[in-house]
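Have a look at input03.csv; it's CSV, C-alpha atoms:
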```csv
chain,number,residue,atom,x,y,z
A,1,MET,CA,0.0,0.0,0.0
A,2,MET,CA,1.4,3.4,-1.0
A,3,LYS,CA,1.7,6.4,1.3
A,4,ASP,CA,-1.2,8.2,-0.4
A,5,ASP,CA,-3.4,5.2,0.2
A,6,PHE,CA,-2.7,5.4,4.0
A,7,GLN,CA,-3.4,9.1,4.0
A,8,ASN,CA,-6.7,8.5,2.1
A,9,GLU,CA,-7.7,5.8,4.6
A,10,ASP,CA,-6.8,8.2,7.5
A,11,ASP,CA,-9.0,10.9,6.0
A,12,LYS,CA,-11.9,8.4,5.7
A,13,ILE,CA,-11.5,7.3,9.3
A,14,GLN,CA,-11.4,10.9,10.5
A,15,GLU,CA,-14.6,11.7,8.5
A,16,LYS,CA,-16.4,8.8,10.1
A,17,LEU,CA,-15.3,9.8,13.6
A,18,LYS,CA,-16.6,13.3,13.3
A,19,GLN,CA,-19.4,14.0,15.8
A,20,LYS,CA,-22.8,14.1,14.2
A,21,THR,CA,-25.8,15.8,15.7
A,22,TRP,CA,-28.7,13.7,16.9
A,23,ASN,CA,-30.9,15.1,14.1
A,24,GLU,CA,-28.3,14.1,11.5
A,25,ILE,CA,-28.1,10.6,13.0
A,26,ARG,CA,-31.8,10.2,13.1
A,27,THR,CA,-32.3,11.4,9.6
A,28,ASN,CA,-29.7,9.2,8.2
A,29,ASP,CA,-31.0,6.1,10.0
A,30,SER,CA,-34.6,6.9,8.9
A,31,TRP,CA,-33.6,7.0,5.2
A,32,ALA,CA,-31.5,3.9,5.6
A,33,ILE,CA,-34.6,2.0,6.7
A,34,PHE,CA,-36.4,2.8,3.5
A,35,LYS,CA,-33.3,1.7,1.5
A,36,ILE,CA,-33.1,-1.6,3.4
A,37,MET,CA,-36.9,-2.2,2.9
A,38,SER,CA,-36.6,-1.6,-0.8
A,39,GLU,CA,-33.7,-4.1,-1.1
A,40,PHE,CA,-35.7,-6.8,0.8
A,41,VAL,CA,-38.9,-6.2,-1.3
A,42,ASN,CA,-37.0,-6.2,-4.6
A,43,GLY,CA,-35.0,-9.3,-3.5
A,44,TYR,CA,-38.1,-11.2,-2.4
A,45,GLU,CA,-40.1,-10.4,-5.5
A,46,SER,CA,-37.2,-11.3,-7.9
A,47,MET,CA,-36.1,-14.5,-6.1
A,48,ALA,CA,-39.7,-15.7,-5.7
A,49,ARG,CA,-40.0,-15.8,-9.5
A,50,ILE,CA,-36.8,-17.7,-9.9
A,51,GLY,CA,-37.4,-20.3,-7.2
A,52,PRO,CA,-35.0,-22.3,-5.1
A,53,CYS,CA,-31.5,-22.9,-6.3
A,54,VAL,CA,-28.2,-24.1,-5.0
A,55,SER,CA,-25.7,-21.5,-3.8
A,56,ILE,CA,-22.0,-21.7,-4.7
A,57,PHE,CA,-19.6,-19.7,-2.5
A,58,GLY,CA,-15.9,-19.1,-2.9
A,59,SER,CA,-13.1,-16.6,-3.4
A,60,ALA,CA,-13.5,-13.6,-5.8
A,61,ARG,CA,-9.7,-13.8,-6.2
A,62,THR,CA,-9.5,-17.2,-7.8
A,63,LYS,CA,-8.1,-17.1,-11.4
A,64,PRO,CA,-9.7,-18.8,-14.4
A,65,ASP,CA,-6.8,-21.2,-14.7
A,66,ASP,CA,-6.9,-22.3,-11.0
A,67,LYS,CA,-8.0,-25.8,-10.2
A,68,TYR,CA,-10.8,-24.7,-8.0
A,69,TYR,CA,-12.2,-22.3,-10.6
A,70,LEU,CA,-12.3,-25.2,-13.1
A,71,LEU,CA,-13.8,-27.5,-10.5
A,72,ALA,CA,-16.5,-24.9,-9.6
A,73,GLU,CA,-17.4,-24.6,-13.3
A,74,LYS,CA,-17.7,-28.4,-13.6
A,75,ILE,CA,-19.8,-28.6,-10.5
A,76,ALA,CA,-22.2,-25.8,-11.6
A,77,TYR,CA,-22.5,-27.5,-15.0
A,78,LYS,CA,-23.3,-30.8,-13.6
A,79,ILE,CA,-25.8,-29.6,-11.0
A,80,SER,CA,-27.6,-27.5,-13.6
A,81,LYS,CA,-27.9,-30.7,-15.8
A,82,ALA,CA,-29.4,-32.4,-12.7
A,83,GLY,CA,-32.1,-29.8,-12.5
A,84,TYR,CA,-30.7,-27.4,-9.9
A,85,GLY,CA,-30.5,-23.6,-10.5
A,86,VAL,CA,-27.3,-21.9,-9.3
A,87,ILE,CA,-26.9,-18.8,-7.2
A,88,THR,CA,-23.6,-17.0,-6.7
A,89,GLY,CA,-22.4,-13.7,-5.3
A,90,GLY,CA,-22.3,-12.5,-8.9
A,91,GLY,CA,-18.7,-11.4,-9.0
A,92,PRO,CA,-15.4,-12.8,-10.4
A,93,GLY,CA,-13.4,-15.8,-9.3
A,94,ILE,CA,-15.3,-18.8,-8.0
A,95,MET,CA,-18.6,-16.9,-8.4
A,96,GLU,CA,-17.9,-16.4,-12.1
A,97,ALA,CA,-17.0,-20.1,-12.5
A,98,GLY,CA,-20.4,-21.0,-10.9
A,99,ASN,CA,-22.4,-18.8,-13.2
A,100,LYS,CA,-20.4,-19.9,-16.2
A,101,GLY,CA,-21.0,-23.6,-15.5
A,102,ALA,CA,-24.7,-23.0,-15.0
A,103,HIS,CA,-24.9,-20.9,-18.1
A,104,ASN,CA,-23.1,-23.5,-20.2
A,105,GLY,CA,-25.3,-26.2,-18.8
A,106,GLY,CA,-28.4,-24.4,-19.8
A,107,GLY,CA,-29.5,-23.9,-16.2
A,108,THR,CA,-30.7,-21.0,-14.2
A,109,SER,CA,-27.8,-18.6,-13.4
A,110,VAL,CA,-28.4,-16.1,-10.6
A,111,GLY,CA,-26.0,-13.4,-9.4
A,112,LEU,CA,-26.5,-11.5,-6.1
A,113,ASN,CA,-24.1,-8.7,-6.4
A,114,ILE,CA,-22.8,-6.4,-3.6
A,115,GLU,CA,-21.4,-2.9,-4.0
A,116,LEU,CA,-17.8,-3.0,-2.9
A,117,PRO,CA,-14.9,-0.6,-3.3
A,118,PHE,CA,-12.7,-3.4,-4.7
A,119,GLU,CA,-12.8,-6.9,-6.3
A,120,GLN,CA,-16.5,-7.0,-7.0
A,121,HIS,CA,-18.0,-6.5,-10.4
A,122,PHE,CA,-20.7,-8.7,-12.0
A,123,ASN,CA,-19.6,-11.4,-14.3
A,124,PRO,CA,-21.0,-12.0,-17.9
A,125,PHE,CA,-22.5,-15.4,-17.2
A,126,ILE,CA,-25.5,-14.3,-15.1
A,127,ASP,CA,-28.9,-14.5,-16.7
A,128,LYS,CA,-29.8,-11.0,-17.8
A,129,ASP,CA,-33.0,-10.9,-15.8
A,130,LYS,CA,-31.4,-12.5,-12.7
A,131,ASN,CA,-28.7,-10.1,-11.8
A,132,LEU,CA,-29.6,-8.4,-8.5
A,133,ASN,CA,-27.6,-5.7,-6.8
A,134,PHE,CA,-27.4,-5.0,-3.0
A,135,ASP,CA,-25.8,-2.3,-0.8
A,136,TYR,CA,-26.3,-4.3,2.4
A,137,PHE,CA,-24.5,-7.6,3.1
A,138,PHE,CA,-27.2,-8.7,5.6
A,139,VAL,CA,-30.0,-8.3,3.0
A,140,ARG,CA,-28.0,-10.2,0.4
A,141,LYS,CA,-27.3,-13.0,2.9
A,142,VAL,CA,-31.0,-13.4,3.7
A,143,MET,CA,-31.6,-14.0,-0.1
A,144,PHE,CA,-28.9,-16.7,-0.2
A,145,VAL,CA,-30.4,-18.6,2.8
A,146,LYS,CA,-34.1,-18.2,2.0
A,147,TYR,CA,-33.8,-19.4,-1.6
A,148,SER,CA,-31.1,-22.0,-1.4
A,149,GLN,CA,-31.7,-25.7,-1.5
A,150,GLY,CA,-28.0,-26.3,-0.6
A,151,PHE,CA,-24.7,-24.5,0.0
A,152,ILE,CA,-21.6,-25.6,-2.0
A,153,VAL,CA,-18.6,-24.0,-0.4
A,154,MET,CA,-15.4,-23.7,-2.4
A,155,PRO,CA,-12.1,-22.4,-1.1
A,156,GLY,CA,-12.4,-18.7,-0.2
A,157,GLY,CA,-11.7,-16.0,2.3
A,158,PHE,CA,-13.5,-14.3,5.1
A,159,GLY,CA,-16.7,-13.8,3.2
A,160,THR,CA,-16.9,-17.5,2.3
A,161,LEU,CA,-16.2,-18.5,6.0
A,162,ASP,CA,-18.9,-16.0,7.1
A,163,GLU,CA,-21.5,-17.6,4.8
A,164,LEU,CA,-20.5,-21.1,5.9
A,165,PHE,CA,-20.6,-20.5,9.6
A,166,GLU,CA,-23.8,-18.4,9.4
A,167,ALA,CA,-25.6,-21.3,7.6
A,168,MET,CA,-24.3,-23.8,10.2
A,169,THR,CA,-25.5,-21.5,13.0
A,170,LEU,CA,-28.9,-21.0,11.6
A,171,ILE,CA,-29.4,-24.8,11.1
A,172,GLN,CA,-27.9,-25.6,14.5
A,173,THR,CA,-30.2,-23.2,16.3
A,174,LYS,CA,-33.2,-24.4,14.1
A,175,LYS,CA,-33.9,-20.9,12.8
A,176,ILE,CA,-34.0,-22.4,9.3
A,177,GLY,CA,-34.7,-25.9,8.1
A,178,LYS,CA,-31.8,-28.3,7.4
A,179,PHE,CA,-30.2,-28.3,4.0
A,180,PRO,CA,-27.0,-29.8,2.6
A,181,ILE,CA,-23.7,-27.9,3.2
A,182,ILE,CA,-21.0,-29.3,1.0
A,183,LEU,CA,-17.4,-28.2,1.4
A,184,VAL,CA,-15.4,-28.8,-1.7
A,185,GLY,CA,-11.6,-29.4,-1.4
A,186,SER,CA,-10.5,-31.6,1.5
A,187,GLU,CA,-7.0,-30.3,1.1
A,188,PHE,CA,-8.2,-26.7,1.7
A,189,TRP,CA,-10.7,-27.4,4.5
A,190,SER,CA,-8.8,-30.1,6.5
A,191,GLY,CA,-6.9,-27.6,8.7
A,192,LEU,CA,-9.9,-25.7,9.7
A,193,LEU,CA,-12.0,-28.8,10.4
A,194,ASP,CA,-9.1,-30.3,12.5
A,195,TRP,CA,-9.0,-27.2,14.6
A,196,VAL,CA,-12.8,-27.2,15.1
A,197,LYS,CA,-12.6,-30.9,16.2
A,198,THR,CA,-9.5,-30.6,18.5
A,199,VAL,CA,-10.0,-27.2,20.0
A,200,MET,CA,-13.7,-26.3,19.8
A,201,ILE,CA,-15.1,-29.8,20.3
A,202,GLU,CA,-12.6,-31.8,22.3
A,203,ARG,CA,-10.7,-29.2,24.3
A,204,GLU,CA,-13.0,-26.2,24.9
A,205,LYS,CA,-16.3,-28.0,24.3
A,206,THR,CA,-17.9,-25.0,22.7
A,207,VAL,CA,-19.4,-27.0,19.9
A,208,SER,CA,-21.2,-30.4,20.0
A,209,ALA,CA,-19.6,-33.3,18.1
A,210,GLU,CA,-22.9,-33.9,16.2
A,211,ASP,CA,-22.8,-30.4,14.7
A,212,MET,CA,-20.1,-31.7,12.4
A,213,ASN,CA,-22.7,-33.8,10.8
A,214,LEU,CA,-24.2,-30.6,9.2
A,215,ILE,CA,-21.4,-30.6,6.7
A,216,LYS,CA,-20.0,-33.0,4.1
A,217,VAL,CA,-16.5,-32.7,2.5
A,218,VAL,CA,-16.0,-33.8,-1.1
A,219,ASP,CA,-13.4,-33.4,-3.9
A,220,THR,CA,-15.3,-34.0,-7.2
A,221,GLU,CA,-18.3,-32.7,-9.1
A,222,ASP,CA,-19.9,-36.2,-9.0
A,223,GLU,CA,-19.7,-36.3,-5.2
A,224,VAL,CA,-21.4,-32.9,-5.0
A,225,VAL,CA,-24.4,-34.1,-7.2
A,226,GLU,CA,-24.6,-37.3,-5.3
A,227,ALA,CA,-24.7,-35.5,-1.9
A,228,LEU,CA,-27.5,-33.2,-3.2
A,229,ASP,CA,-29.5,-36.0,-4.7
A,230,ASN,CA,-29.1,-38.2,-1.7
A,231,PHE,CA,-30.3,-35.5,0.7
A,232,TYR,CA,-33.4,-34.7,-1.3
A,233,LYS,CA,-34.3,-38.3,-2.1
A,234,LYS,CA,-34.3,-38.9,1.6
A,235,TYR,CA,-37.0,-36.3,2.1
A,236,ASN,CA,-38.8,-37.3,-1.2
A,237,LEU,CA,-38.2,-33.8,-2.7
A,238,SER,CA,-36.9,-32.8,-6.2
A,239,PRO,CA,-34.8,-30.0,-7.5
A,240,ASN,CA,-36.5,-26.6,-7.6
A,241,PHE,CA,-39.5,-27.9,-5.6
```
In structure tokens, write the structure found in this file.
Amino acid sequence: MMKDDFQNEDDKIQEKLKQKTWNEIRTNDSWAIFKIMSEFVNGYESMARIGPCVSIFGSARTKPDDKYYLLAEKIAYKISKAGYGVITGGGPGIMEAGNKGAHNGGGTSVGLNIELPFEQHFNPFIDKDKNLNFDYFFVRKVMFVKYSQGFIVMPGGFGTLDELFEAMTLIQTKKIGKFPIILVGSEFWSGLLDWVKTVMIEREKTVSAEDMNLIKVVDTEDEVVEALDNFYKKYNLSPNF
């Protein structure tokens, strides 16, 4: 990061820390409520027309020649052929791979974009009428959970981990119904899962051992489709029910 970048960041922090009057705070918050409501209404109306899909999460930084990009593309293609629509965060990297695979497979390809100062821009493989934009992360996250028949979690960063652990928490606390959470890439996820087992479960006992049953770890596109199909056959449901 250059010196000018640090100075710009300092200016932004100082601007945020400036004392606002109560009237300014109240006015800003009131208008924010309307903006939040409009995002929820638009999201619900748009996603209700699309119907349930499978969400694919992963890093925006993954390059098109990366093995996980190529695998995400294969997974999306295969699950679209199996009758599942695909939802991604709409950006580059793994998200682009997911939309590309769904597009090439002739399936539903949805993008839930978020306005960010870096990294995020919508990819060209989203269906033209299924490209939604959000300012608020929490509204966007509600759309993922409400309209997902399953989460496919590819290697990613903090955002990917955020989505993974929120889904597990909501299922664990029975705030939402159970659906399949599939981690792709045992090499990538093994360290995290070992830490959860040895530290959180065995040593600190902050998590129950049975909570690990909420997730399944796989390495191939065929295993992903099999995991999805087995889950829904168990409950006598079909894709996009």
- Gap from atom CA of A:Phe40 to atom CA of A:Met168 - Å, one decimal: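 These atoms are spaced 22.5 Å apart.
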- Task: Quick one: everything within 7 Å of A:Glu96, counting all atoms listed in the file, minus sequence neighbours fewer than 5 positions away in the same chain. Send it as a list in words.
- Result: Gly90, Gly91, Asn123 and Phe125 of chain A
- For A:Lys35: contacts at 12 Å, all atoms listed in the file, fewer than 5 positions along chain excluded, given as number ranges by chain: A: 28-30, 40-42, 134-136, 139
- List the residues sitting within 9 Å of (-21.2, -15.5, -2.0) in the file's frame, using only C-alpha atoms, as number ranges by chain. A: 55-60, 87-91, 95, 112-113, 140-141, 144, 159-160, 163
- Task: Grab the atom CA of A:Tyr69 to atom CA of A:Pro155 distance for me, in Å with one decimal place.
- Result: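 Pair atom CA of A:Tyr69 / atom CA of A:Pro155 returns 9.5 Å.
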- Would you list the residues near (-31.6, -27.7, -1.6), meaning any protein, DNA or RNA residue with an atom at most 7 Å from that point in file coordinates, counting only C-alpha atoms, as an NGL selection string? :A and (53-54 or 148-150 or 179-180)
Would you save stretch 67-85 of chain A from the block above with N, CA, C and O atoms, as an mmCIF file, in the first residue's frame?
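Result file is result_34.cif:
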```cif
data_model
loop_
_atom_site.group_PDB
_atom_site.id
_atom_site.type_symbol
_atom_site.label_atom_id
_atom_site.label_comp_id
_atom_site.auth_asym_id
_atom_site.auth_seq_id
_atom_site.Cartn_x
_atom_site.Cartn_y
_atom_site.Cartn_z
ATOM 1 N N LYS A 67 -7.254 -24.557 -10.276
ATOM 2 C CA LYS A 67 -7.965 -25.843 -10.245
ATOM 3 C C LYS A 67 -9.336 -25.727 -9.596
ATOM 4 O O LYS A 67 -10.277 -26.433 -9.985
ATOM 5 N N TYR A 68 -9.481 -24.824 -8.626
ATOM 6 C CA TYR A 68 -10.777 -24.690 -7.960
ATOM 7 C C TYR A 68 -11.784 -23.912 -8.814
ATOM 8 O O TYR A 68 -12.985 -24.161 -8.734
ATOM 9 N N TYR A 69 -11.305 -22.981 -9.637
ATOM 10 C CA TYR A 69 -12.181 -22.314 -10.609
ATOM 11 C C TYR A 69 -12.732 -23.349 -11.577
ATOM 12 O O TYR A 69 -13.949 -23.405 -11.835
ATOM 13 N N LEU A 70 -11.847 -24.154 -12.120
ATOM 14 C CA LEU A 70 -12.255 -25.170 -13.098
ATOM 15 C C LEU A 70 -13.197 -26.199 -12.473
ATOM 16 O O LEU A 70 -14.165 -26.631 -13.103
ATOM 17 N N LEU A 71 -12.936 -26.547 -11.216
ATOM 18 C CA LEU A 71 -13.805 -27.500 -10.527
ATOM 19 C C LEU A 71 -15.170 -26.886 -10.249
ATOM 20 O O LEU A 71 -16.207 -27.557 -10.432
ATOM 21 N N ALA A 72 -15.206 -25.625 -9.831
ATOM 22 C CA ALA A 72 -16.484 -24.947 -9.578
ATOM 23 C C ALA A 72 -17.325 -24.876 -10.854
ATOM 24 O O ALA A 72 -18.551 -25.044 -10.825
ATOM 25 N N GLU A 73 -16.665 -24.637 -11.971
ATOM 26 C CA GLU A 73 -17.367 -24.593 -13.260
ATOM 27 C C GLU A 73 -17.976 -25.954 -13.592
ATOM 28 O O GLU A 73 -19.139 -26.047 -14.025
ATOM 29 N N LYS A 74 -17.206 -27.025 -13.364
ATOM 30 C CA LYS A 74 -17.713 -28.373 -13.612
ATOM 31 C C LYS A 74 -18.880 -28.703 -12.688
ATOM 32 O O LYS A 74 -19.863 -29.320 -13.100
ATOM 33 N N ILE A 75 -18.765 -28.306 -11.420
ATOM 34 C CA ILE A 75 -19.829 -28.574 -10.452
ATOM 35 C C ILE A 75 -21.117 -27.883 -10.874
ATOM 36 O O ILE A 75 -22.194 -28.487 -10.886
ATOM 37 N N ALA A 76 -21.016 -26.605 -11.219
ATOM 38 C CA ALA A 76 -22.206 -25.845 -11.611
ATOM 39 C C ALA A 76 -22.839 -26.432 -12.871
ATOM 40 O O ALA A 76 -24.070 -26.511 -12.983
ATOM 41 N N TYR A 77 -22.009 -26.830 -13.814
ATOM 42 C CA TYR A 77 -22.523 -27.450 -15.042
ATOM 43 C C TYR A 77 -23.284 -28.730 -14.715
ATOM 44 O O TYR A 77 -24.402 -28.941 -15.186
ATOM 45 N N LYS A 78 -22.687 -29.539 -13.870
ATOM 46 C CA LYS A 78 -23.276 -30.836 -13.553
ATOM 47 C C LYS A 78 -24.574 -30.699 -12.757
ATOM 48 O O LYS A 78 -25.549 -31.403 -13.011
ATOM 49 N N ILE A 79 -24.600 -29.778 -11.785
ATOM 50 C CA ILE A 79 -25.831 -29.644 -10.983
ATOM 51 C C ILE A 79 -26.938 -28.970 -11.793
ATOM 52 O O ILE A 79 -28.123 -29.239 -11.565
ATOM 53 N N SER A 80 -26.562 -28.127 -12.771
ATOM 54 C CA SER A 80 -27.587 -27.540 -13.633
ATOM 55 C C SER A 80 -28.224 -28.610 -14.514
ATOM 56 O O SER A 80 -29.434 -28.594 -14.764
ATOM 57 N N LYS A 81 -27.410 -29.559 -14.964
ATOM 58 C CA LYS A 81 -27.925 -30.670 -15.756
ATOM 59 C C LYS A 81 -28.806 -31.589 -14.910
ATOM 60 O O LYS A 81 -29.706 -32.274 -15.442
ATOM 61 N N ALA A 82 -28.556 -31.595 -13.586
ATOM 62 C CA ALA A 82 -29.362 -32.413 -12.674
ATOM 63 C C ALA A 82 -30.656 -31.715 -12.263
ATOM 64 O O ALA A 82 -31.461 -32.293 -11.539
ATOM 65 N N GLY A 83 -30.859 -30.488 -12.745
ATOM 66 C CA GLY A 83 -32.109 -29.793 -12.489
ATOM 67 C C GLY A 83 -32.055 -28.699 -11.457
ATOM 68 O O GLY A 83 -33.078 -28.091 -11.132
ATOM 69 N N TYR A 84 -30.875 -28.420 -10.922
ATOM 70 C CA TYR A 84 -30.742 -27.375 -9.912
ATOM 71 C C TYR A 84 -30.321 -26.054 -10.552
ATOM 72 O O TYR A 84 -29.435 -26.026 -11.399
ATOM 73 N N GLY A 85 -30.936 -24.951 -10.120
ATOM 74 C CA GLY A 85 -30.456 -23.634 -10.496
ATOM 75 C C GLY A 85 -29.247 -23.278 -9.638
ATOM 76 O O GLY A 85 -29.001 -23.899 -8.610
#
```
